[in-house]
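Have a look at run_1.cif; it's mmCIF, C-alpha atoms and all ligand atoms:
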```cif
data_structure
#
loop_
_atom_site.label_atom_id
_atom_site.label_comp_id
_atom_site.auth_asym_id
_atom_site.auth_seq_id
_atom_site.Cartn_x
_atom_site.Cartn_y
_atom_site.Cartn_z
CA MET I 1471 -8.31 33.93 43.45
CA THR I 1472 -5.56 34.35 40.85
CA PRO I 1473 -6.60 32.87 37.50
CA ALA I 1474 -4.64 29.85 36.23
CA LEU I 1475 -4.32 31.56 32.81
CA SER I 1476 -5.14 35.06 31.59
CA PHE I 1477 -5.05 36.50 28.09
CA ARG I 1478 -5.00 40.32 28.04
CA ASN I 1479 -5.82 41.74 24.61
CA VAL I 1480 -3.63 39.14 22.91
CA SER I 1481 -3.07 39.26 19.15
CA CYS I 1482 -0.97 37.16 16.82
CA ARG I 1483 -0.30 38.21 13.25
CA PHE I 1484 0.89 35.99 10.40
CA ASP I 1485 1.61 37.45 6.96
CA GLY I 1486 -0.15 40.70 7.87
CA ALA I 1487 -3.37 39.06 9.10
CA ASP I 1488 -4.48 38.93 12.75
CA VAL I 1489 -5.07 35.20 13.28
CA VAL I 1490 -5.72 35.93 16.96
CA ASP I 1491 -7.26 39.36 17.32
CA GLY I 1492 -7.44 41.16 20.69
CA VAL I 1493 -8.38 38.12 22.78
CA SER I 1494 -8.96 38.50 26.55
CA PHE I 1495 -10.17 35.83 28.95
CA ASP I 1496 -9.40 34.27 32.35
CA ILE I 1497 -9.38 30.59 33.25
CA GLN I 1498 -9.90 30.13 36.99
CA ALA I 1499 -7.97 27.53 38.98
CA GLY I 1500 -9.42 24.08 38.30
CA GLU I 1501 -11.76 25.38 35.59
CA ILE I 1502 -12.22 23.55 32.29
CA ILE I 1503 -12.62 25.76 29.24
CA CYS I 1504 -13.31 24.50 25.73
CA LEU I 1505 -12.22 26.77 22.91
CA LEU I 1506 -14.66 26.02 20.11
CA GLY I 1507 -14.68 27.35 16.57
CA PRO I 1508 -14.56 26.53 12.87
CA SER I 1509 -11.40 25.43 11.10
CA GLY I 1510 -8.84 28.21 10.71
CA CYS I 1511 -10.37 30.56 13.31
CA GLY I 1512 -7.19 30.67 15.39
CA LYS I 1513 -7.84 28.05 18.09
CA THR I 1514 -4.53 26.22 17.78
CA THR I 1515 -2.64 29.50 17.55
CA SER I 1516 -4.33 30.63 20.81
CA LEU I 1517 -3.25 27.39 22.46
CA ARG I 1518 0.30 27.72 21.12
CA LEU I 1519 0.41 31.27 22.50
CA ALA I 1520 -0.60 29.93 25.93
CA ALA I 1521 2.08 27.25 25.61
CA GLY I 1522 4.86 29.72 24.76
CA MET I 1523 5.27 28.33 21.24
CA GLU I 1524 4.23 31.58 19.50
CA VAL I 1525 5.20 35.17 20.17
CA PRO I 1526 2.20 37.50 20.50
CA SER I 1527 2.22 40.59 18.30
CA GLY I 1528 0.29 42.42 21.03
CA GLY I 1529 -1.00 41.92 24.59
CA GLU I 1530 0.14 39.86 27.56
CA ILE I 1531 -0.36 36.32 28.85
CA TYR I 1532 -0.27 35.48 32.58
CA LEU I 1533 0.13 32.08 34.23
CA ALA I 1534 -0.97 32.02 37.87
CA GLY I 1535 -0.52 35.81 37.98
CA GLU I 1536 2.94 35.83 36.42
CA CYS I 1537 3.47 37.51 33.04
CA VAL I 1538 4.91 34.85 30.71
CA SER I 1539 4.35 36.32 27.22
CA THR I 1540 4.63 39.79 25.75
CA PRO I 1541 5.71 40.74 22.23
CA GLN I 1542 9.20 41.36 23.68
CA ASP I 1543 9.61 38.34 25.94
CA VAL I 1544 8.22 34.79 25.90
CA ALA I 1545 8.98 32.19 28.58
CA PRO I 1546 9.61 28.85 26.79
CA PRO I 1547 7.15 25.92 27.09
CA GLU I 1548 9.39 23.90 29.43
CA ALA I 1549 9.55 26.80 31.92
CA ARG I 1550 5.76 27.11 32.23
CA GLY I 1551 4.84 24.10 34.36
CA ILE I 1552 2.00 23.24 31.96
CA GLY I 1553 0.77 19.82 30.81
CA PHE I 1554 0.47 19.33 27.04
CA LEU I 1555 -1.70 17.01 25.01
CA PHE I 1556 -0.93 18.09 21.45
CA GLN I 1557 -1.01 16.10 18.22
CA ASP I 1558 2.60 17.05 17.50
CA PHE I 1559 3.64 16.06 21.01
CA ALA I 1560 2.92 12.39 20.39
CA LEU I 1561 4.56 9.78 22.62
CA PHE I 1562 8.33 9.44 22.17
CA PRO I 1563 8.62 6.27 20.04
CA HIS I 1564 12.02 5.25 21.44
CA LEU I 1565 10.83 5.38 25.07
CA SER I 1566 8.64 2.83 26.85
CA VAL I 1567 5.24 3.88 28.19
CA TYR I 1568 6.79 4.14 31.67
CA GLU I 1569 9.68 6.28 30.39
CA ASN I 1570 7.25 8.50 28.50
CA VAL I 1571 5.16 9.10 31.64
CA THR I 1572 8.21 9.82 33.83
CA PHE I 1573 9.87 11.99 31.16
CA GLY I 1574 9.08 15.29 32.91
CA LEU I 1575 9.69 13.97 36.43
CA GLY I 1576 13.51 14.08 36.46
CA HIS I 1577 13.44 16.49 39.42
CA LEU I 1578 11.86 13.81 41.65
CA PRO I 1579 13.60 10.88 43.41
CA LYS I 1580 13.25 7.59 41.45
CA GLU I 1581 10.85 6.09 43.99
CA GLU I 1582 8.50 9.05 43.72
CA GLN I 1583 8.69 8.97 39.91
CA LYS I 1584 7.74 5.31 40.01
CA ALA I 1585 4.85 5.82 42.43
CA ARG I 1586 3.43 8.69 40.36
CA ALA I 1587 3.80 6.83 37.04
CA LEU I 1588 2.18 3.66 38.37
CA GLU I 1589 -0.65 5.66 39.95
CA LEU I 1590 -1.38 7.36 36.62
CA LEU I 1591 -1.01 4.24 34.48
CA ASN I 1592 -3.47 2.58 36.82
CA ALA I 1593 -5.84 5.58 36.55
CA VAL I 1594 -5.83 5.40 32.73
CA GLY I 1595 -6.17 1.60 32.65
CA LEU I 1596 -2.63 0.87 31.38
CA SER I 1597 -1.12 -0.85 34.42
CA GLY I 1598 0.23 -3.72 32.35
CA PHE I 1599 1.75 -1.50 29.67
CA ALA I 1600 4.66 0.15 31.52
CA SER I 1601 7.43 -1.65 29.61
CA LYS I 1602 5.68 -1.62 26.21
CA TYR I 1603 6.65 0.73 23.39
CA PRO I 1604 4.19 3.14 21.71
CA ASN I 1605 4.26 1.42 18.30
CA ILE I 1606 2.45 -1.67 19.63
CA LEU I 1607 -0.29 0.35 21.37
CA SER I 1608 -3.69 1.00 19.78
CA GLY I 1609 -4.72 4.60 19.08
CA GLY I 1610 -6.86 4.71 22.22
CA GLU I 1611 -4.07 3.25 24.37
CA GLN I 1612 -1.59 5.79 23.00
CA GLN I 1613 -4.02 8.57 23.81
CA ARG I 1614 -4.40 7.32 27.38
CA ALA I 1615 -0.61 7.06 27.80
CA ALA I 1616 -0.25 10.62 26.47
CA LEU I 1617 -2.88 11.77 28.97
CA ALA I 1618 -0.96 10.09 31.81
CA ARG I 1619 2.22 11.84 30.62
CA ALA I 1620 0.46 15.22 30.47
CA MET I 1621 -0.75 14.84 34.07
CA ALA I 1622 2.45 13.32 35.52
CA ALA I 1623 4.08 16.48 36.89
CA LYS I 1624 0.78 17.58 38.53
CA PRO I 1625 0.42 20.68 36.33
CA LYS I 1626 -2.06 23.34 37.41
CA LEU I 1627 -2.96 23.89 33.74
CA VAL I 1628 -3.23 21.38 30.91
CA LEU I 1629 -3.50 22.47 27.26
CA MET I 1630 -5.14 20.04 24.86
CA ASP I 1631 -5.45 20.37 21.08
CA GLU I 1632 -8.27 18.28 19.58
CA PRO I 1633 -7.45 15.45 22.00
CA PHE I 1634 -10.29 13.18 20.86
CA SER I 1635 -10.42 13.84 17.13
CA ASN I 1636 -8.73 10.58 16.07
CA LEU I 1637 -10.87 8.30 18.21
CA ASP I 1638 -13.98 6.38 17.24
CA PRO I 1639 -17.23 7.51 18.92
CA GLN I 1640 -17.22 4.94 21.74
CA LEU I 1641 -13.56 5.54 22.66
CA ARG I 1642 -14.19 9.25 22.38
CA ASP I 1643 -16.84 9.11 25.10
CA GLN I 1644 -14.56 7.08 27.38
CA MET I 1645 -11.62 9.43 26.81
CA ARG I 1646 -13.71 12.54 27.48
CA ASP I 1647 -14.87 11.07 30.80
CA LEU I 1648 -11.38 9.88 31.75
CA THR I 1649 -9.80 13.23 30.86
CA LEU I 1650 -12.39 15.12 32.87
CA ARG I 1651 -11.92 12.81 35.87
CA LEU I 1652 -8.12 13.17 35.85
CA LEU I 1653 -8.26 16.96 35.51
CA ARG I 1654 -10.75 17.18 38.40
CA GLU I 1655 -8.88 14.72 40.64
CA ASN I 1656 -5.66 16.67 40.13
CA GLY I 1657 -7.34 20.07 40.56
CA ALA I 1658 -5.91 21.12 37.19
CA ALA I 1659 -7.44 23.75 34.94
CA GLY I 1660 -7.85 22.69 31.30
CA LEU I 1661 -7.93 24.60 28.03
CA ILE I 1662 -9.25 22.20 25.40
CA VAL I 1663 -9.36 23.16 21.73
CA THR I 1664 -12.08 21.47 19.73
CA HIS I 1665 -14.21 22.03 16.65
CA ASP I 1666 -16.79 19.58 18.02
CA ALA I 1667 -19.66 21.19 19.94
CA ALA I 1668 -20.45 17.85 21.63
CA ASP I 1669 -16.96 17.82 23.22
CA ALA I 1670 -17.49 21.34 24.48
CA LEU I 1671 -21.03 20.86 25.79
CA ARG I 1672 -20.08 17.68 27.57
CA MET I 1673 -16.79 18.75 29.15
CA ALA I 1674 -16.57 22.48 29.66
CA ASP I 1675 -17.35 24.54 32.74
CA ARG I 1676 -17.39 27.39 30.23
CA ILE I 1677 -17.16 27.43 26.44
CA ALA I 1678 -15.33 30.17 24.52
CA VAL I 1679 -16.53 30.41 20.92
CA GLN I 1680 -13.92 31.79 18.57
CA ASN I 1681 -14.40 33.06 15.03
CA LYS I 1682 -11.95 34.93 12.80
CA GLY I 1683 -9.49 35.28 15.65
CA GLN I 1684 -11.94 36.81 18.14
CA ILE I 1685 -13.81 35.36 21.10
CA LEU I 1686 -17.48 35.97 20.28
CA GLN I 1687 -18.90 34.62 23.54
CA MET I 1688 -17.67 32.86 26.67
CA ASP I 1689 -20.22 31.32 29.01
CA THR I 1690 -21.54 28.12 30.55
CA PRO I 1691 -22.66 25.41 28.10
CA GLU I 1692 -26.29 25.95 29.09
CA ALA I 1693 -26.21 29.75 28.71
CA ILE I 1694 -24.31 29.72 25.44
CA TYR I 1695 -26.59 27.06 23.92
CA GLN I 1696 -29.78 28.81 24.98
CA ASN I 1697 -28.70 32.43 24.52
CA PRO I 1698 -26.09 32.62 21.75
CA VAL I 1699 -25.05 36.21 21.04
CA ASP I 1700 -25.23 35.83 17.28
CA LEU I 1701 -25.87 33.47 14.40
CA HIS I 1702 -22.24 32.30 14.24
CA VAL I 1703 -22.35 31.14 17.84
CA ALA I 1704 -25.81 29.57 17.46
CA ALA I 1705 -24.74 27.68 14.33
CA MET I 1706 -21.77 26.12 16.16
CA PHE I 1707 -24.23 24.11 18.25
CA GLY I 1708 -26.23 22.41 15.53
CA PRO I 1709 -28.64 23.18 12.72
CA LEU I 1710 -30.60 26.41 12.84
CA ASN I 1711 -33.60 27.68 10.83
CA ILE I 1712 -33.57 31.40 10.07
CA MET I 1713 -36.29 33.85 9.07
CA ALA I 1714 -36.42 37.64 8.80
CA ASP I 1715 -38.19 39.34 11.69
CA ALA I 1716 -40.53 41.84 10.02
CA GLN I 1717 -41.05 43.75 13.29
CA THR I 1718 -37.40 44.42 14.22
CA GLY I 1719 -35.62 43.99 10.88
CA GLY I 1720 -33.47 41.39 12.66
CA GLN I 1721 -33.57 37.63 12.35
CA ILE I 1722 -35.34 34.84 14.17
CA GLY I 1723 -33.51 31.57 14.70
CA VAL I 1724 -35.24 28.30 15.56
CA ARG I 1725 -33.59 24.95 16.23
CA PRO I 1726 -35.29 22.08 14.35
CA SER I 1727 -35.55 20.14 17.63
CA ASP I 1728 -37.58 22.98 19.24
CA MET I 1729 -40.41 22.62 16.69
CA ALA I 1730 -43.52 20.53 17.36
CA LEU I 1731 -46.83 19.83 15.63
CA HIS I 1732 -48.76 20.62 18.80
CA GLY I 1733 -48.43 23.64 21.05
CA GLN I 1734 -50.07 26.36 23.11
CA ALA I 1735 -51.99 29.38 21.80
CA GLU I 1736 -49.24 31.72 23.00
CA ASP I 1737 -46.49 29.79 21.17
CA PHE I 1738 -44.77 31.14 18.09
CA SER I 1739 -46.16 29.31 15.05
CA VAL I 1740 -45.09 28.92 11.46
CA ASP I 1741 -46.77 27.25 8.47
CA GLY I 1742 -44.57 24.83 6.60
CA ASP I 1743 -45.23 22.89 3.41
CA VAL I 1744 -43.71 19.53 4.36
CA GLN I 1745 -42.07 17.96 1.34
CA ASN I 1746 -40.10 15.10 2.78
CA VAL I 1747 -40.17 13.13 6.06
CA ARG I 1748 -37.35 10.84 7.26
CA ALA I 1749 -37.33 8.63 10.34
CA ILE I 1750 -34.36 9.45 12.60
CA GLY I 1751 -34.70 6.66 15.16
CA PRO I 1752 -37.99 7.43 16.98
CA ASP I 1753 -38.13 11.03 15.64
CA TRP I 1754 -39.15 12.57 12.30
CA LEU I 1755 -36.98 14.94 10.31
CA CYS I 1756 -39.27 17.07 8.13
CA ASP I 1757 -38.00 19.16 5.21
CA MET I 1758 -40.41 22.01 4.51
CA ALA I 1759 -40.82 25.24 2.60
CA LEU I 1760 -42.21 28.36 4.29
CA SER I 1761 -44.66 30.59 2.40
CA ASP I 1762 -41.79 32.75 1.07
CA GLY I 1763 -39.97 29.64 -0.21
CA VAL I 1764 -37.33 29.59 2.56
CA LEU I 1765 -36.39 25.98 3.42
CA TRP I 1766 -36.60 24.85 7.05
CA GLN I 1767 -36.27 21.59 8.93
CA ALA I 1768 -38.17 20.32 11.96
CA LEU I 1769 -37.15 17.39 14.13
CA VAL I 1770 -40.51 16.24 15.47
CA ARG I 1771 -40.21 14.08 18.59
CA GLY I 1772 -41.87 10.65 18.43
CA GLY I 1773 -45.57 10.21 17.68
CA GLU I 1774 -47.15 9.51 14.29
CA ARG I 1775 -45.32 10.16 11.05
CA PRO I 1776 -46.11 13.79 10.05
CA GLU I 1777 -48.12 14.17 6.82
CA ASN I 1778 -46.66 15.74 3.70
CA GLY I 1779 -48.28 19.06 2.80
CA LEU I 1780 -49.21 22.12 4.84
CA ASN I 1781 -48.68 21.81 8.62
CA LYS I 1782 -48.58 24.31 11.47
CA PHE I 1783 -45.47 24.04 13.67
CA PHE I 1784 -45.22 25.46 17.19
CA VAL I 1785 -42.16 26.79 19.03
CA PRO I 1786 -42.30 27.86 22.71
CA ARG I 1787 -41.49 31.60 22.83
CA ALA I 1788 -38.63 30.95 25.28
CA ARG I 1789 -36.91 28.83 22.63
CA LEU I 1790 -36.92 31.54 19.94
CA MET I 1791 -33.55 33.13 19.26
CA LEU I 1792 -33.66 36.77 18.23
CA PHE I 1793 -30.66 38.27 16.48
CA LYS I 1794 -29.84 41.67 15.15
CA THR I 1795 -28.94 41.58 11.45
CA GLN I 1796 -25.31 40.38 11.13
P1 LIG X 1 -8.15 23.94 12.72
O1 LIG X 1 -9.38 23.63 13.51
O2 LIG X 1 -8.31 23.69 11.25
O3 LIG X 1 -6.89 23.31 13.30
P2 LIG X 1 -7.57 26.49 14.00
O4 LIG X 1 -8.76 27.26 14.43
O5 LIG X 1 -6.82 25.74 15.05
O6 LIG X 1 -7.93 25.55 12.80
P3 LIG X 1 -5.06 27.83 13.48
O7 LIG X 1 -4.26 26.58 13.33
O8 LIG X 1 -4.87 28.64 14.70
O9 LIG X 1 -6.62 27.56 13.29
O10 LIG X 1 -4.75 28.74 12.20
C1 LIG X 1 -5.39 29.99 11.98
C2 LIG X 1 -4.87 30.60 10.69
O11 LIG X 1 -3.51 30.95 10.86
C3 LIG X 1 -4.92 29.66 9.51
O12 LIG X 1 -5.33 30.40 8.38
C4 LIG X 1 -3.47 29.19 9.37
O13 LIG X 1 -3.17 28.89 8.03
C5 LIG X 1 -2.70 30.39 9.84
N1 LIG X 1 -1.42 30.04 10.44
C6 LIG X 1 -1.23 29.27 11.55
N2 LIG X 1 0.09 29.15 11.86
C7 LIG X 1 0.75 29.89 10.94
C8 LIG X 1 2.14 30.18 10.70
N3 LIG X 1 3.09 29.70 11.50
N4 LIG X 1 2.44 30.97 9.65
C9 LIG X 1 1.48 31.49 8.84
N5 LIG X 1 0.16 31.24 9.00
C10 LIG X 1 -0.21 30.46 10.02
#
```

Once more with this new file: its structure as structure tokens, please.
Amino acid sequence: MTPALSFRNVSCRFDGADVVDGVSFDIQAGEIICLLGPSGCGKTTSLRLAAGMEVPSGGEIYLAGECVSTPQDVAPPEARGIGFLFQDFALFPHLSVYENVTFGLGHLPKEEQKARALELLNAVGLSGFASKYPNILSGGEQQRAALARAMAAKPKLVLMDEPFSNLDPQLRDQMRDLTLRLLRENGAAGLIVTHDAADALRMADRIAVQNKGQILQMDTPEAIYQNPVDLHVAAMFGPLNIMADAQTGGQIGVRPSDMALHGQAEDFSVDGDVQNVRAIGPDWLCDMALSDGVLWQALVRGGERPENGLNKFFVPRARLMLFKTQ
């Protein structure tokens, strides 16, 4: 099947630096990809390239098999048939919610525009808001109206830039679920930029981890969490303890939540001098020093409060992460 979006060796240079550096990936029809990475790694620029808002300095971009961006020629955003949910594409303040949602539907008869807008406003829980103006809506309501607008023209691809970053945690969960449901119901592919691993783990069919302009790894949430290709990728998904691996000269990574005070003989084990224990709900966060002075943390699940002082911690071998030296 033809991918909804393809990047072929795409680069984008600002002031002599490659902000996006030789990026290639495909997004299949209906697939949801989260582009995850630290601040400044080039996520938004990648999205803007896909949208036709930046000119690549190298490579090609294809939408549904059609070449839409090369360094010589870029089809403009409005010619791409894409849905946008960008911070700088906020709702038009002078248009009602209804007019915002129907904004891109001018090619349809009025009755069809109305049916589509009402269907979407109903889907996002804003049925009673059609005639209201954005300035009286709460942040969450504005976000839902913007989502309805992004989906209105039944795009086959929706680009979203940090769509949940301004929402409080409870609204964030609701919006993630709603966004996912609307994308799936409409059979739309999604490219969602986020710096929040929880967004990516919860929403993506596949996650692409970006750092310094390059895609380091692209895989399912499960595979990327359990088998990160390097320390950068591993560290995107939560805290990580590191030690040198004397046998290979590489490094061993262990997530605090994979450490336990009890284990099997064949488990990896490490002695830690526990110096501080904090209750994190039912679990215990232990700060410890290894024999060489390196500081580690263990998140011990439930049970009795661990004792300060020397303890042996166990990690199932399958949970060890082994990295070559960076
Ligand atoms: P964040 O998560 O903080 O939004 P990001 O990963 O989305 O970061 P980008 O917005 O893509 O990163 O920016 C990547 C780098 O490119 C940054 O150093 C930024 O300052 C620079 N940059 C982006 N747009 C331009 C521009 N138009 N001109 C010059 N430099 C730019």

- Query: Which residues form the shell of 12 Å around ligand LIG 1 (chain X) when you count only C-alpha atoms and all ligand atoms, given as an MDAnalysis selection string?
  - Reply: chainID I and resid 1481:1491 1505:1519 1523:1526 1556:1557 1630:1633 1635 1662:1666 1679:1685

Taking (-17.4, 26.7, 31.3) in the coordinates of the supplied file, I want to know which residues reach to within 9 Å of it, counting all atoms listed in the file; could you give the answer as an mmCIF file with C-alpha atoms, keeping the file's coordinate frame?
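This went into result_22.cif:
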```cif
data_model
loop_
_atom_site.group_PDB
_atom_site.id
_atom_site.type_symbol
_atom_site.label_atom_id
_atom_site.label_comp_id
_atom_site.auth_asym_id
_atom_site.auth_seq_id
_atom_site.Cartn_x
_atom_site.Cartn_y
_atom_site.Cartn_z
ATOM 1 C CA GLU I 1501 -11.760 25.380 35.590
ATOM 2 C CA ILE I 1502 -12.220 23.550 32.290
ATOM 3 C CA ILE I 1503 -12.620 25.760 29.240
ATOM 4 C CA CYS I 1504 -13.310 24.500 25.730
ATOM 5 C CA ALA I 1670 -17.490 21.340 24.480
ATOM 6 C CA LEU I 1671 -21.030 20.860 25.790
ATOM 7 C CA MET I 1673 -16.790 18.750 29.150
ATOM 8 C CA ALA I 1674 -16.570 22.480 29.660
ATOM 9 C CA ASP I 1675 -17.350 24.540 32.740
ATOM 10 C CA ARG I 1676 -17.390 27.390 30.230
ATOM 11 C CA ILE I 1677 -17.160 27.430 26.440
ATOM 12 C CA ALA I 1678 -15.330 30.170 24.520
ATOM 13 C CA MET I 1688 -17.670 32.860 26.670
ATOM 14 C CA ASP I 1689 -20.220 31.320 29.010
ATOM 15 C CA THR I 1690 -21.540 28.120 30.550
ATOM 16 C CA PRO I 1691 -22.660 25.410 28.100
#
```

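Restricting the calculation to all atoms listed in the file, the smallest distance between Leu1607 in chain I and any of I:Gly1551, I:Pro1579, I:Pro1563, I:Gly1773 is found for I:Pro1563.
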
- Between CA of Phe1783 in chain I and CA of Ala1768 in chain I, what is the spacing in Å? 8.4 Å

- Item | Residues near Val1724 in chain I, cut-off 6 Å, all atoms listed in the file, skip fewer than 6 positions along chain, as a PyMOL selection string | chain I and resi 1710-1711+1790

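Remark: for Gln1717 in chain I, the closest of the candidate residues I:Val1594, I:Ala1622, I:Leu1792, I:Leu1533 is I:Leu1792 (distances computed over only C-alpha atoms).
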
- Message: Report as a list in words all protein, DNA and RNA residues lying within 7 Å of Val1770 in chain I, evaluated on all atoms listed in the file, omitting residues in the same chain fewer than 5 positions from it.
- Response: Ser1727, Met1729, Ala1730, Asp1753, Trp1754 and Leu1755 of chain I

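What separates CA of Ser1476 in chain I from CA of Ile1497 in chain I is a distance of 6.4 Å.
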
- Query: Between CA of Gly1528 in chain I and CA of Ala1658 in chain I, what is the distance, to one decimal in Å?
  - Reply: 27.4 Å

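The smallest atom-to-atom distance between Asp1737 in chain I and any of I:Leu1591, I:Ala1693, I:Ala1616, I:Ala1788, using all atoms listed in the file, is found for I:Ala1788.
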
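For the residues I:Gly1657, I:Pro1639, I:Gly1529, I:Gly1733, ranking by smallest atom-to-atom distance to Gln1498 in chain I using only C-alpha atoms places I:Gly1657 first.
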
- Message: Using all atoms listed in the file, which protein or nucleic acid residues come within 6 Å of Gln1721 in chain I? Drop anything in the same chain fewer than 6 positions from it, and give the result as a list in words.
- Response: Met1713, Ala1714, Asp1715, Leu1792 and Phe1793 of chain I

Hey, can you spit out that residue selection with C-alpha atoms as a short mmCIF file (atom, residue, chain, number, x, y, z; two decimals), in the frame of the given file?
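out.cif, freshly written:
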```cif
data_model
loop_
_atom_site.label_atom_id
_atom_site.label_comp_id
_atom_site.auth_asym_id
_atom_site.auth_seq_id
_atom_site.Cartn_x
_atom_site.Cartn_y
_atom_site.Cartn_z
CA MET I 1713 -36.29 33.85 9.07
CA ALA I 1714 -36.42 37.64 8.80
CA ASP I 1715 -38.19 39.34 11.69
CA LEU I 1792 -33.66 36.77 18.23
CA PHE I 1793 -30.66 38.27 16.48
#
```

- Query: Quick one: residues within 8 Å of Val1544 in chain I, only C-alpha atoms counted, chain neighbours fewer than 4 positions away excluded, as a PyMOL selection string?
  - Reply: chain I and resi 1522+1525+1538-1540

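Closest approach to Asn1570 in chain I among I:Ala1704, I:Ala1593, I:Met1758, I:Ala1615: I:Ala1615, based on all atoms listed in the file.
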
- Item | Long-range neighbours of Asn1479 in chain I as an MDAnalysis selection string, 7 Å cut-off, all atoms listed in the file, 3 positions minimum in chain | chainID I and resid 1492:1494 1529:1530
